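Structure first, then comments.
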Amino acid sequence: MGCHKRIDRALEHALHLPLCGQSRYVIISDCHRGEGTSNDNFLKNQYLYTAAMNYYVKRGFFYLELGDGEELWENRCRRRIENCHEDVYELFGRLEKSCRIVRLYGNHNMELKGELPEALILDNMEGGRNICMIHGHQADFFNSVCWKLSRFLVRYLWKPLERSGVNDPTSAARNYKKTVRYEKCLENWTRQKDVYLAAGHSHRPRLPQDGGRYLNAGSCVHPGCITAIEIENMQLALVKWKLETRADMSLYVAREDMAPSVAIE
């Protein structure tokens with residue numbers, strides 16, 4: 001089965017939410033929350049994530065997490081992850097009570113299939129294009145069809161080597177050629193379907209300024225920052241949260257636009 005068919009199949013049973021001028025959505029992907037060890041790539045940016053989430057919660061945003069929230073390839077115990085990042089999951093619980101959260105599963109938390117949906121579609125209520133959302137591993141054969149083999153290699157080979165700085169060649173986030181193939185597949189799919197497609201997986205944030213429909217929320221494990229896509233007033237915005245220094249040398253968390261906003265057409 002080709003990558004386009006895997007994307008189509010994922011969207012066949014997608015969860016649907018409305019999209020209109022009053023909608024406020026924030027899209028975040030690839031948190032890779034771990035157990036608080038040296039391999040927990042989320043840990044170093046947790047304070048940025050917390051600051052960003054406080055901002056979005058106070059402003060009434062609906063939280064969308066596009067997969068790989070938990071790092072279940074390097075870690076076996078989900079409960080340990082939840083205990084380590086207890087404040088995050090307490091926040092998720094509050095958002096669930098107010099019906100303001102949807103989390104998808106990705107290849108690194110495939111074990112949550114059946115508990116979390118695979119895909120989401122924002123139905124444009126104002127006559128424009130819908131926004132389809134997946135994690136994106138569907139466009140990556142080795143991390144979708146062969147995900148158990150990939151998990152085995154990460155868990156028993158690349159995890160110990162990661163401490164020495166060795167990159168995982170099976171990862172779209174760490175392999176440039178795989179990333180190019182991945183992005184080409186998603187771009188071609190959006191041209192065929194004439195809808196937006198938001199994903200993660202590659203960790204490479206993207207908001208086209210030339211009318212392109214493929215969007216990428218990036219990740220929460222970039223060095224020194226996290227990225228997100230905001231939807232407000234029928235506009236798409238790609239933002240970065242990072243640490244800044246004031247004139248008095250005090251530190252603060254800053255929100256920065258990475259590109260001009262784009263209207264949803």
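Scheme for the structure tokens: letters A, B, ... for chains in order shown; per-chain residue numbers from 1; ligand numbers from 1 in order shown.
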Next item on the list: Excluding Leu17 (chain A) and any residue of its chain fewer than 2 positions from it, enumerate the residues within 9 Å of it, using only C-alpha atoms, and give them as a VMD selection string.
Entry: chain A and resid 15 19 120 to 124
Any chance you can output those residues with N, CA and C atoms as an mmCIF file, in the first residue's frame?
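Listed below is the output, again-v3.cif:
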data_model
loop_
_atom_site.group_PDB
_atom_site.id
_atom_site.type_symbol
_atom_site.label_atom_id
_atom_site.label_comp_id
_atom_site.auth_asym_id
_atom_site.auth_seq_id
_atom_site.Cartn_x
_atom_site.Cartn_y
_atom_site.Cartn_z
ATOM 1 N N LEU A 15 -11.904 11.741 13.421
ATOM 2 C CA LEU A 15 -12.778 12.542 14.276
ATOM 3 C C LEU A 15 -12.998 13.883 13.592
ATOM 4 N N LEU A 19 -14.790 24.182 12.242
ATOM 5 C CA LEU A 19 -13.847 25.278 12.058
ATOM 6 C C LEU A 19 -14.616 26.492 11.549
ATOM 7 N N LEU A 120 -7.834 13.440 12.402
ATOM 8 C CA LEU A 120 -8.806 14.466 12.770
ATOM 9 C C LEU A 120 -9.039 15.353 11.557
ATOM 10 N N ILE A 121 -10.266 15.805 11.378
ATOM 11 C CA ILE A 121 -10.578 16.751 10.307
ATOM 12 C C ILE A 121 -11.328 17.930 10.894
ATOM 13 N N LEU A 122 -10.829 19.144 10.630
ATOM 14 C CA LEU A 122 -11.560 20.359 10.973
ATOM 15 C C LEU A 122 -12.436 20.708 9.780
ATOM 16 N N ASP A 123 -13.739 20.615 9.963
ATOM 17 C CA ASP A 123 -14.690 20.883 8.884
ATOM 18 C C ASP A 123 -14.928 22.388 8.783
ATOM 19 N N ASN A 124 -14.534 22.959 7.641
ATOM 20 C CA ASN A 124 -14.669 24.396 7.435
ATOM 21 C C ASN A 124 -16.143 24.751 7.256
#
Would you pick out the contacts of Gly67 (chain A) at 12 Å or less, using only C-alpha atoms, so that residues sharing its chain but fewer than 4 positions from it are not included, and give the list as JSON, numbers by chain? {"A": [27, 28, 29, 30, 31, 32, 33, 71, 72, 102, 103, 104, 105, 106, 107, 108, 109, 110, 111, 112, 113, 116, 117, 118, 119, 120, 133, 134, 135, 136, 137, 138, 198, 199, 200, 201, 202, 203, 217, 218, 219, 220]}
Writing out the chosen residues with C-alpha atoms as a PDB file, in the first residue's frame:
ATOM      1  CA  ILE A  27      -1.640  22.318  17.099  1.00  0.00           C
ATOM      2  CA  ILE A  28       1.372  20.757  18.820  1.00  0.00           C
ATOM      3  CA  SER A  29       3.163  17.543  17.868  1.00  0.00           C
ATOM      4  CA  ASP A  30       6.016  15.265  18.863  1.00  0.00           C
ATOM      5  CA  CYS A  31       6.415  16.020  22.558  1.00  0.00           C
ATOM      6  CA  HIS A  32       8.120  12.637  23.137  1.00  0.00           C
ATOM      7  CA  ARG A  33       7.505  12.764  26.884  1.00  0.00           C
ATOM      8  CA  GLU A  71       7.938   8.195  23.935  1.00  0.00           C
ATOM      9  CA  LEU A  72       6.938   4.531  24.124  1.00  0.00           C
ATOM     10  CA  VAL A 102      -7.930  15.869  21.134  1.00  0.00           C
ATOM     11  CA  ARG A 103      -4.772  13.789  21.049  1.00  0.00           C
ATOM     12  CA  LEU A 104      -3.832  11.548  18.132  1.00  0.00           C
ATOM     13  CA  TYR A 105      -1.443   8.634  18.310  1.00  0.00           C
ATOM     14  CA  GLY A 106       1.764   8.458  16.277  1.00  0.00           C
ATOM     15  CA  ASN A 107       4.350   5.791  15.609  1.00  0.00           C
ATOM     16  CA  HIS A 108       6.176   6.375  18.915  1.00  0.00           C
ATOM     17  CA  ASN A 109       2.977   5.883  20.902  1.00  0.00           C
ATOM     18  CA  MET A 110       1.296   3.377  18.579  1.00  0.00           C
ATOM     19  CA  GLU A 111       0.445   1.342  21.672  1.00  0.00           C
ATOM     20  CA  LEU A 112      -2.345   3.858  22.335  1.00  0.00           C
ATOM     21  CA  LYS A 113      -4.139   2.860  19.129  1.00  0.00           C
ATOM     22  CA  LEU A 116      -6.602   7.675  20.815  1.00  0.00           C
ATOM     23  CA  PRO A 117      -7.799   8.449  17.261  1.00  0.00           C
ATOM     24  CA  GLU A 118      -5.450   8.286  14.277  1.00  0.00           C
ATOM     25  CA  ALA A 119      -6.776  11.294  12.393  1.00  0.00           C
ATOM     26  CA  LEU A 120      -8.806  14.466  12.770  1.00  0.00           C
ATOM     27  CA  MET A 133      -4.649  16.166  10.540  1.00  0.00           C
ATOM     28  CA  ILE A 134      -2.521  13.062  11.042  1.00  0.00           C
ATOM     29  CA  HIS A 135       0.741  12.356  12.806  1.00  0.00           C
ATOM     30  CA  GLY A 136       2.421  11.718   9.460  1.00  0.00           C
ATOM     31  CA  HIS A 137       4.041   8.324   9.944  1.00  0.00           C
ATOM     32  CA  GLN A 138       1.493   7.080   7.400  1.00  0.00           C
ATOM     33  CA  ALA A 198      -1.332  19.252   9.062  1.00  0.00           C
ATOM     34  CA  ALA A 199       1.176  16.748  10.429  1.00  0.00           C
ATOM     35  CA  GLY A 200       4.235  16.307  12.606  1.00  0.00           C
ATOM     36  CA  HIS A 201       6.670  13.347  12.548  1.00  0.00           C
ATOM     37  CA  SER A 202       9.515  15.109  10.692  1.00  0.00           C
ATOM     38  CA  HIS A 203       9.942  17.697  13.491  1.00  0.00           C
ATOM     39  CA  ALA A 217       3.649  21.784  13.629  1.00  0.00           C
ATOM     40  CA  GLY A 218       7.298  20.861  14.237  1.00  0.00           C
ATOM     41  CA  SER A 219       8.008  19.452  17.688  1.00  0.00           C
ATOM     42  CA  CYS A 220       8.635  20.150  21.361  1.00  0.00           C
TER      43      CYS A 220
END
Original post:
Quick one: of A:Asn188, A:Tyr252, A:Gly21, A:Phe62, who's nearest to Gly127 (chain A), counting only C-alpha atoms?
Top reply: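 Of all the options, A:Gly21 lies closest to Gly127 (chain A).
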Exercise. DSSP on the backbone, then: every residue of region 196-249 of chain A marked strand (DSSP E or B), written as a ChimeraX atom specification.
Key: /A:196-199,206,214-216,222,225-232,235-245
Task: Polymer residues at most 9 Å from Glu244 (chain A), only C-alpha atoms, same-chain spacing of 6 or more positions, as a list in words - done: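 With the cut-off at 9 Å, the set is Ser250, Leu251, Tyr252, Val253 and Ala254 of chain A.
Every residue of region 13-73 of chain A found in helix (DSSP H, G or I) when DSSP is run on the backbone appears here: Leu43, Lys44, Asn45, Gln46, Tyr47, Leu48, Tyr49, Thr50, Ala51, Ala52, Met53, Asn54, Tyr55, Tyr56, Val57 and Lys58 of chain A.
Closest to Asp257 (chain A) among A:Trp241, A:Trp189, A:Tyr156, A:Tyr63 is A:Trp241, based on only C-alpha atoms.
For the pair CA of Asn45 (chain A) and CA of Arg204 (chain A), the interatomic distance is 16.5 Å.
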Report task. Calculate how many Å separate CA of Arg79 (chain A) from CA of Glu35 (chain A), rounding to one decimal. Result ->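 Atom-to-atom, CA of Arg79 (chain A) to CA of Glu35 (chain A), that is 9.1 Å.
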Requested in this report: Calculate how many Å separate CA of Ser98 (chain A) from CA of Leu48 (chain A), rounding to one decimal.
Outcome: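 Spanning CA of Ser98 (chain A) to CA of Leu48 (chain A) is a straight-line distance of 23.4 Å.
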* To do: Check the smallest atom-to-atom distance from each of A:Thr227, A:Arg80, A:Val145, A:Ala259 to Pro208 (chain A) using only C-alpha atoms, then report the winner.
  =>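 Answer, going by the shortest atom-to-atom distance: A:Ala259.
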Restricting to only C-alpha atoms, whichever of A:Glu115, A:Glu232, A:Glu74, A:Glu126 is closest to Val154 (chain A) is A:Glu74
With distances taken over only C-alpha atoms, the candidate from A:Lys177, A:Gly211, A:Leu197, A:Val88 nearest Ala52 (chain A) is A:Val88
Nearest to Ser144 (chain A), restricted to only C-alpha atoms and choosing among A:Gly36, A:Gly60, A:Pro260, A:Gly2, comes out as A:Gly2
